[in-house]
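> Contents of model_1.txt (compact mmCIF, C-alpha atoms) are below:
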# COMPACT_ATOMS: atom_id res chain seq x y z
CA MET A 1 109.55 202.46 170.20
CA ALA A 2 107.69 199.31 171.22
CA THR A 3 104.05 199.84 172.00
CA LEU A 4 101.49 198.26 174.22
CA PRO A 5 98.99 196.00 172.51
CA GLN A 6 95.36 196.93 172.28
CA LEU A 7 93.69 195.57 175.39
CA ILE A 8 90.05 194.57 175.49
CA GLU A 9 87.78 193.90 178.44
CA ASP A 10 88.81 190.23 178.54
CA ASP A 11 92.48 191.20 178.82
CA ILE A 12 91.82 193.61 181.66
CA GLU A 13 89.76 190.94 183.42
CA ARG A 14 92.60 188.40 183.13
CA LEU A 15 95.17 190.91 184.31
CA GLY A 16 92.83 191.59 187.22
CA GLU A 17 92.63 187.88 188.03
CA ALA A 18 96.42 187.58 188.09
CA LEU A 19 96.68 190.62 190.37
CA ARG A 20 93.93 189.39 192.71
CA GLU A 21 95.60 185.98 193.13
CA PHE A 22 98.92 187.68 193.69
CA ILE A 23 97.39 189.87 196.42
CA VAL A 24 95.85 186.84 198.14
CA SER A 25 99.18 184.97 198.06
CA THR A 26 101.23 187.84 199.42
CA ASP A 27 98.74 189.77 201.54
CA ALA A 28 99.78 192.86 199.59
CA THR A 29 97.64 195.98 199.87
CA ALA A 30 97.48 196.87 196.20
CA ALA A 31 99.01 195.79 192.91
CA LEU A 32 99.19 197.93 189.79
CA VAL A 33 100.10 197.29 186.18
CA ILE A 34 101.57 200.47 184.76
CA ASP A 35 103.02 201.62 181.49
CA LYS A 36 106.66 202.75 181.43
CA GLY A 37 105.49 206.17 180.28
CA GLY A 38 103.85 206.53 183.70
CA PHE A 39 100.24 205.58 182.94
CA LEU A 40 98.16 203.37 185.19
CA ILE A 41 96.67 200.50 183.15
CA THR A 42 94.83 198.52 185.80
CA HIS A 43 94.98 197.76 189.51
CA GLN A 44 93.57 195.54 192.23
CA GLY A 45 93.44 195.70 196.02
CA ASP A 46 92.51 198.33 198.53
CA ALA A 47 93.83 201.53 197.05
CA SER A 48 91.41 203.98 198.59
CA GLU A 49 94.06 205.75 200.63
CA PHE A 50 96.57 206.05 197.79
CA ASP A 51 96.84 208.39 194.83
CA LEU A 52 97.50 205.69 192.24
CA THR A 53 97.88 208.05 189.28
CA THR A 54 100.76 209.82 190.98
CA ILE A 55 102.26 206.60 192.33
CA ALA A 56 102.25 205.19 188.78
CA ALA A 57 103.99 208.26 187.35
CA LEU A 58 106.62 208.40 190.09
CA SER A 59 107.22 204.64 190.11
CA SER A 60 107.86 204.71 186.40
CA GLY A 61 110.28 207.62 186.82
CA ALA A 62 112.05 205.99 189.76
CA PHE A 63 112.39 202.67 187.97
CA MET A 64 113.74 204.22 184.78
CA ALA A 65 116.15 206.42 186.72
CA ASN A 66 117.49 203.46 188.68
CA GLN A 67 117.79 201.41 185.53
CA THR A 68 119.83 204.19 183.96
CA ILE A 69 122.04 204.41 187.05
CA ALA A 70 122.55 200.65 186.95
CA GLY A 71 123.59 200.95 183.31
CA LEU A 72 126.11 203.64 184.24
CA VAL A 73 127.83 201.20 186.58
CA ASN A 74 127.75 198.48 183.91
CA GLU A 75 124.98 196.50 185.59
CA THR A 76 122.94 194.75 182.94
CA ASN A 77 120.87 192.55 185.22
CA PHE A 78 118.34 195.10 186.49
CA ASN A 79 114.66 194.35 186.73
CA SER A 80 113.26 195.61 190.03
CA ILE A 81 113.42 198.25 192.74
CA TYR A 82 112.38 198.00 196.38
CA GLN A 83 111.51 200.91 198.63
CA GLN A 84 111.40 199.87 202.27
CA GLY A 85 109.09 201.89 204.51
CA GLU A 86 107.95 201.84 208.12
CA ASN A 87 104.26 201.58 207.24
CA PHE A 88 104.08 200.57 203.61
CA SER A 89 106.78 199.36 201.28
CA LEU A 90 106.85 199.38 197.51
CA PHE A 91 108.20 196.85 195.04
CA VAL A 92 108.42 197.57 191.32
CA ILE A 93 109.33 194.85 188.84
CA ASN A 94 109.68 194.81 185.09
CA ILE A 95 107.04 192.90 183.09
CA ASP A 96 108.10 193.46 179.49
CA ASP A 97 109.29 196.26 177.21
CA ASN A 98 106.28 198.39 178.01
CA CYS A 99 104.95 197.56 181.44
CA MET A 100 105.82 197.19 185.10
CA LEU A 101 104.15 195.70 188.14
CA VAL A 102 103.97 197.94 191.22
CA VAL A 103 103.17 196.33 194.57
CA ILE A 104 102.24 198.27 197.70
CA PHE A 105 102.44 196.12 200.81
CA LYS A 106 102.52 196.51 204.58
CA SER A 107 106.06 196.77 205.91
CA GLN A 108 105.66 193.81 208.25
CA THR A 109 105.19 191.62 205.18
CA GLY A 110 108.53 190.32 204.06
CA VAL A 111 109.73 191.47 200.67
CA GLY A 112 110.85 187.89 199.96
CA VAL A 113 107.31 186.60 199.61
CA VAL A 114 106.39 189.55 197.39
CA LYS A 115 109.38 188.92 195.15
CA TYR A 116 108.67 185.20 195.00
CA PHE A 117 105.02 185.48 193.95
CA ALA A 118 105.71 188.50 191.74
CA GLY A 119 107.68 186.18 189.47
CA THR A 120 104.57 184.11 188.74
CA ALA A 121 102.31 187.14 188.41
CA VAL A 122 104.71 188.84 186.00
CA LYS A 123 104.76 185.73 183.79
CA ARG A 124 100.95 185.57 183.68
CA ILE A 125 100.63 189.28 182.90
CA ALA A 126 103.32 189.14 180.22
CA CYS A 127 101.61 186.12 178.69
CA GLN A 128 98.26 187.94 178.53
CA LEU A 129 99.90 190.98 176.96
CA GLU A 130 101.46 188.71 174.37
CA ILE A 131 98.08 187.15 173.60
CA ALA A 132 96.66 190.66 173.13
CA GLN A 133 99.56 191.55 170.85
CA GLU A 134 99.03 188.48 168.68
CA ARG A 135 95.28 188.97 168.55
CA ALA A 136 95.53 192.37 166.95
CA PRO A 137 99.03 193.31 165.83
CA GLY A 138 99.13 196.97 164.89
CA MET A 139 95.43 197.40 165.57
CA GLY A 140 94.09 200.70 166.79
CA LEU A 141 90.82 201.99 168.05
CA ASP A 142 88.61 204.17 165.89
CA LEU A 143 88.85 207.52 167.58
CA SER A 144 86.69 209.23 165.03
CA VAL A 145 83.97 209.15 167.64
CA LEU A 146 85.82 211.97 169.35
CA ASN A 147 84.72 215.43 168.33
CA VAL A 148 87.84 217.54 168.07
CA ALA A 149 85.81 220.72 167.60
CA ASP A 150 85.11 220.65 171.31
CA ALA A 151 88.76 220.66 172.20
CA SER A 152 89.29 224.43 172.22
CA GLN A 153 87.28 224.48 175.39
CA PHE A 154 88.94 221.44 176.83
CA PHE A 155 90.55 223.31 179.68
CA ARG A 156 88.79 226.43 180.87
CA LYS A 157 90.36 229.02 183.07
CA ASN A 158 88.60 229.72 186.30
CA GLU A 159 88.13 233.48 186.24
CA ALA A 160 86.99 233.72 189.83
CA MET B 1 102.15 207.02 173.58
CA ALA B 2 98.56 207.65 174.49
CA ILE B 3 96.69 204.85 176.14
CA ILE B 4 93.16 204.12 175.13
CA ASN B 5 91.48 201.80 177.52
CA GLN B 6 88.57 200.22 175.74
CA ALA B 7 87.44 198.42 178.84
CA THR B 8 87.00 201.58 180.87
CA LYS B 9 86.58 204.02 177.95
CA GLU B 10 89.49 206.12 179.04
CA LEU B 11 91.95 208.10 176.97
CA GLN B 12 95.26 208.90 178.71
CA VAL B 13 97.61 211.39 177.14
CA LYS B 14 101.07 212.60 178.15
CA ILE B 15 102.11 216.19 177.44
CA VAL B 16 105.65 217.33 178.25
CA TYR B 17 106.64 220.97 178.78
CA TYR B 18 110.17 221.38 177.45
CA GLY B 19 112.53 224.36 177.24
CA PRO B 20 115.53 226.17 178.66
CA ALA B 21 116.18 226.51 182.38
CA MET B 22 114.12 229.15 184.18
CA GLY B 23 111.90 229.63 181.12
CA GLY B 24 108.58 229.13 182.95
CA LYS B 25 107.73 225.47 182.42
CA THR B 26 106.89 224.81 186.06
CA THR B 27 105.03 228.14 186.27
CA ASN B 28 102.78 226.95 183.43
CA LEU B 29 101.85 223.85 185.39
CA VAL B 30 101.32 225.80 188.60
CA GLN B 31 98.95 228.17 186.77
CA VAL B 32 97.03 225.30 185.19
CA HIS B 33 96.77 223.68 188.59
CA ASP B 34 95.59 226.90 190.27
CA HIS B 35 93.13 228.09 187.64
CA VAL B 36 91.71 225.14 185.74
CA GLN B 37 87.95 224.61 185.95
CA THR B 38 87.30 220.99 186.77
CA ASN B 39 84.71 218.98 188.55
CA ALA B 40 85.55 218.05 192.11
CA GLY B 41 88.18 215.34 192.24
CA ASN B 42 89.23 215.67 188.59
CA LYS B 43 92.36 217.66 189.33
CA GLY B 44 95.24 215.77 190.84
CA LYS B 45 97.97 217.07 193.07
CA LEU B 46 100.83 218.96 191.48
CA VAL B 47 103.91 216.92 192.30
CA SER B 48 107.19 218.80 192.12
CA LEU B 49 110.49 217.02 192.48
CA ALA B 50 112.55 220.16 192.94
CA THR B 51 115.72 221.33 194.66
CA SER B 52 115.60 223.59 197.71
CA SER B 53 115.90 226.56 195.35
CA ASP B 54 112.77 225.51 193.42
CA ARG B 55 114.65 224.30 190.36
CA THR B 56 113.08 221.19 188.89
CA LEU B 57 115.23 218.19 189.75
CA PHE B 58 113.41 215.30 188.08
CA PHE B 59 110.05 216.49 186.84
CA ASP B 60 106.81 218.21 187.81
CA PHE B 61 103.69 216.18 187.31
CA LEU B 62 100.05 217.25 187.14
CA PRO B 63 97.27 214.80 186.29
CA ILE B 64 93.98 216.36 185.16
CA GLU B 65 90.79 214.76 184.04
CA ALA B 66 89.12 216.83 181.34
CA MET B 67 85.66 216.67 179.88
CA THR B 68 84.18 213.41 178.68
CA ILE B 69 83.79 213.37 174.92
CA LYS B 70 81.38 210.92 173.40
CA GLY B 71 81.79 208.55 176.26
CA PHE B 72 85.57 208.76 176.53
CA LYS B 73 86.93 209.95 179.84
CA THR B 74 90.00 212.00 178.93
CA LYS B 75 92.91 212.03 181.35
CA PHE B 76 95.87 214.29 180.73
CA GLN B 77 99.22 213.93 182.42
CA LEU B 78 101.28 217.11 182.24
CA TYR B 79 105.02 216.86 182.89
CA THR B 80 107.87 219.33 182.88
CA VAL B 81 111.52 218.47 182.42
CA PRO B 82 114.45 220.00 184.28
CA GLY B 83 115.94 222.71 182.06
CA GLN B 84 119.52 222.66 183.32
CA VAL B 85 121.96 221.19 180.85
CA ILE B 86 123.31 218.60 183.30
CA TYR B 87 119.94 216.86 183.59
CA ASN B 88 119.81 215.58 180.04
CA THR B 89 119.41 211.92 181.01
CA THR B 90 116.45 212.90 183.14
CA ARG B 91 114.88 214.75 180.21
CA GLN B 92 115.17 211.62 178.08
CA LEU B 93 113.41 209.57 180.76
CA VAL B 94 110.53 212.01 181.05
CA LEU B 95 110.12 212.15 177.27
CA ARG B 96 109.48 208.42 177.11
CA GLY B 97 105.92 207.81 175.94
CA VAL B 98 105.30 211.49 175.13
CA ASP B 99 102.26 212.37 173.01
CA GLY B 100 102.58 216.13 172.71
CA ILE B 101 105.13 218.79 173.56
CA VAL B 102 104.87 222.40 174.67
CA PHE B 103 108.18 224.17 174.12
CA VAL B 104 108.40 227.10 176.53
CA ALA B 105 110.93 229.65 175.30
CA ASP B 106 112.25 232.62 177.26
CA SER B 107 111.54 235.81 175.28
CA GLN B 108 114.48 237.81 176.64
CA TYR B 109 117.02 238.66 173.95
CA GLU B 110 119.96 237.28 175.90
CA LYS B 111 118.20 233.91 176.29
CA MET B 112 117.98 233.21 172.55
CA PRO B 113 121.08 230.99 172.43
CA GLU B 114 119.66 228.92 175.32
CA ASN B 115 116.30 228.63 173.53
CA VAL B 116 117.94 227.37 170.36
CA GLU B 117 120.17 224.99 172.28
CA ALA B 118 117.20 223.59 174.22
CA PHE B 119 115.22 223.08 171.01
CA GLN B 120 118.14 221.29 169.40
CA ASN B 121 118.47 219.20 172.56
CA LEU B 122 114.77 218.28 172.28
CA MET B 123 115.26 217.04 168.74
CA ASP B 124 118.38 215.09 169.74
CA ASN B 125 116.59 213.43 172.65
CA LEU B 126 113.60 212.52 170.51
CA LYS B 127 115.97 210.96 168.01
CA THR B 128 117.55 208.93 170.82
CA LEU B 129 114.08 207.61 171.65
CA LYS B 130 113.49 206.88 167.95
CA LEU B 131 110.83 209.58 167.78
CA ASP B 132 110.50 212.22 165.08
CA ILE B 133 109.68 215.84 165.86
CA ASN B 134 107.67 215.97 162.64
CA GLU B 135 105.35 213.27 163.89
CA ILE B 136 104.76 214.58 167.39
CA PRO B 137 102.38 217.50 167.82
CA TYR B 138 104.09 220.44 169.47
CA VAL B 139 103.43 224.10 170.09
CA LEU B 140 105.66 226.99 171.06
CA GLN B 141 105.09 229.43 173.88
CA TYR B 142 107.13 232.63 173.94
CA ASN B 143 107.03 233.34 177.63
CA LYS B 144 107.98 236.32 179.81
CA ARG B 145 106.49 238.88 177.44
CA ASP B 146 106.07 241.31 180.33
CA LEU B 147 109.81 241.84 180.63
CA PRO B 148 111.35 244.95 179.01
CA ASN B 149 114.05 243.28 176.91
CA VAL B 150 111.99 240.80 174.89
CA ALA B 151 112.73 239.83 171.31
CA PRO B 152 110.02 240.38 168.66
CA VAL B 153 107.78 237.41 168.01
CA GLU B 154 108.90 237.39 164.36
CA TYR B 155 112.51 236.95 165.44
CA MET B 156 111.61 234.10 167.77
CA ASP B 157 109.59 232.48 165.00
CA TYR B 158 112.64 232.81 162.76
CA LEU B 159 114.81 231.06 165.35
CA LEU B 160 112.45 228.38 166.63
CA ASN B 161 109.61 228.02 164.15
CA ASN B 162 111.45 228.04 160.88
CA ARG B 163 110.68 224.56 159.63
CA ASP B 164 108.78 223.45 156.53
CA VAL B 165 105.55 223.41 158.48
CA GLN B 166 105.15 226.15 161.05
CA VAL B 167 103.53 225.14 164.31
CA PRO B 168 101.21 227.33 166.40
CA SER B 169 103.02 229.75 168.69
CA PHE B 170 101.65 231.79 171.56
CA THR B 171 102.97 234.70 173.55
CA GLY B 172 102.68 234.25 177.27
CA THR B 173 103.25 235.70 180.68
CA ALA B 174 102.92 232.51 182.61
CA HIS B 175 103.10 233.97 186.09
CA LYS B 176 100.00 236.04 185.25
CA CYS B 177 98.39 233.03 183.57
CA GLU B 178 98.43 234.76 180.19
CA GLY B 179 98.78 232.37 177.27
CA VAL B 180 98.85 229.32 179.51
CA PHE B 181 95.42 227.91 178.69
CA GLU B 182 95.61 228.97 175.04
CA THR B 183 98.77 226.90 174.69
CA LEU B 184 97.38 223.90 176.54
CA ASN B 185 94.15 223.87 174.57
CA MET B 186 96.00 224.08 171.26
CA ILE B 187 98.27 221.12 172.00
CA THR B 188 95.21 219.17 173.15
CA ARG B 189 93.40 219.94 169.93
CA MET B 190 96.41 218.97 167.82
CA LEU B 191 96.76 215.69 169.69
CA LEU B 192 93.17 214.68 169.16
CA GLN B 193 93.33 215.81 165.56
CA LYS B 194 96.34 213.58 165.02
CA TYR B 195 94.62 210.53 166.43
CA ILE B 196 91.49 211.11 164.43
CA SER B 197 93.23 211.73 161.13
CA GLN B 198 95.66 208.85 161.52
CA ASN B 199 93.24 206.51 163.23
CA VAL B 200 96.16 204.79 164.87
CA PRO B 201 95.92 205.37 168.58
CA GLN B 202 97.50 202.64 170.44
CA TYR B 203 96.14 200.51 173.03
CA ALA B 204 95.00 199.39 176.37
Represent the structure from my file as structure tokens, please.


Amino acid sequence: MATLPQLIEDDIERLGEALREFIVSTDATAALVIDKGGFLITHQGDASEFDLTTIAALSSGAFMANQTIAGLVNETNFNSIYQQGENFSLFVINIDDNCMLVVIFKSQTGVGVVKYFAGTAVKRIACQLEIAQERAPGMGLDLSVLNVADASQFFRKNEA
Amino acid sequence: MAIINQATKELQVKIVYYGPAMGGKTTNLVQVHDHVQTNAGNKGKLVSLATSSDRTLFFDFLPIEAMTIKGFKTKFQLYTVPGQVIYNTTRQLVLRGVDGIVFVADSQYEKMPENVEAFQNLMDNLKTLKLDINEIPYVLQYNKRDLPNVAPVEYMDYLLNNRDVQVPSFTGTAHKCEGVFETLNMITRMLLQKYISQNVPQYA
């Protein structure tokens, strides 16, 4: 299975820049880069009223499910989903093999403008991910700093 | 695959609870959600995408932030899959990006064929995703030990844990929270052990 590249602070900063410019262009409320496994990688915008961890997990699930459905009806050109709401709407678009862009925007904002500027943002994000991939192909992070002996107490049951 | 965010010093890990229908996968998550000791704000909401009869339709999802180890904030995402046979495509979707698996088996004698079928289904689905069961940490939980017609642990080991390398197995009564945390802590330990010994965690 394809894997995400190792991202360093500079990558996250550049992804953040792309998201911030996208938010300014579209007046979106928040924009998230997520992994297709459901993890939140980074986000920008005013997300204080949203549970982004859960939105990332559900968006990934919804996107993959819809992609599978599209495949079942022989649709090969599938790269986004749009959920229209009365208060906030959601647009999810594919970035590359590993990532997706999730946009939360007010419903009065037209989806057309979001789709239009998402194209540019997706290209910039994909480009940065490619740079990261080329910088350190197959590189990992030394996790030996973690002390596995502590793990037996990782999750403790509340006896009360 | 786990995400290690160097910029924010975060480790994100995905654990999937797998097993036959009505085996207690969702109950495990409910018990973790109800009883886990965390600092305020570290436990997310338990999201259940279930039918009106409480059968899991897509998945259950519980994000938890565990202790910080040596500067790494550790975030765990716990998922269950729907056990019913018809939801196999959904199970494949949820397995995407999995780091560790808890296989929850039903200890009742008459459920043994379903346990074996679900385990075989797990291996088939991993193969579809180009993953190998031998390379993914997993543990077994023999649930529903409080029922009168349970099979001996040795028999369940023979059926489900009969590979070259035996994996840890735990007896459990999930609705009483027995065995739930023991299982979760073991898969956590195995996951971290894997990353440390291989030194190949991925990214972000």

> Nearest to Val24 in chain A: which of A:Gly71, A:Leu90, A:Asp46, A:Leu58 is it, counting all atoms listed in the file?

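Ranking A:Gly71, A:Leu90, A:Asp46, A:Leu58 by distance to Val24 in chain A, first place goes to A:Asp46.
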
> Counting all atoms listed in the file, figure out which residue out of A:Ile55, A:Ile125, A:Met64, A:Val113 gets nearest to chain B.

A:Met64

> Enclose range 105-115 of chain A, meaning all of its atoms listed in the file, in a box aligned along x, y and z, pad it by 6 Å on each side, and list the centre and edge lengths in Å to one decimal, as JSON.


{"center_x": 106.6, "center_y": 191.7, "center_z": 201.7, "size_x": 20.4, "size_y": 22.2, "size_z": 25.1}

> Report as a ChimeraX atom specification all protein, DNA and RNA residues lying within 8 Å of range 33-45 of chain A, evaluated on only C-alpha atoms, omitting residues in the same chain fewer than 5 positions from it.

/A:12,15-16,19-20,23,28,52-53,56-61,64,98-102 /B:1,3,5,12,94,96-98,204

> Could you give me, as an MDAnalysis selection string, the residues that have an atom at most 12 Å away from the point (87.1, 190.5, 174.2) in the coordinates of the file, using all atoms listed in the file?

(chainID A and resid 6:14 131:132 135:136) or (chainID B and resid 6:7)

> What is the CA of His33 in chain B-CA of Phe72 in chain B distance in Å, reported with one decimal?

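We find that CA of His33 in chain B and CA of Phe72 in chain B lie 22.2 Å from each other.
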
> CA of Lys45 in chain B and CA of Ile187 in chain B, how far apart in Å?

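Separating CA of Ile187 in chain B from CA of Lys45 in chain B is a distance of 21.5 Å.
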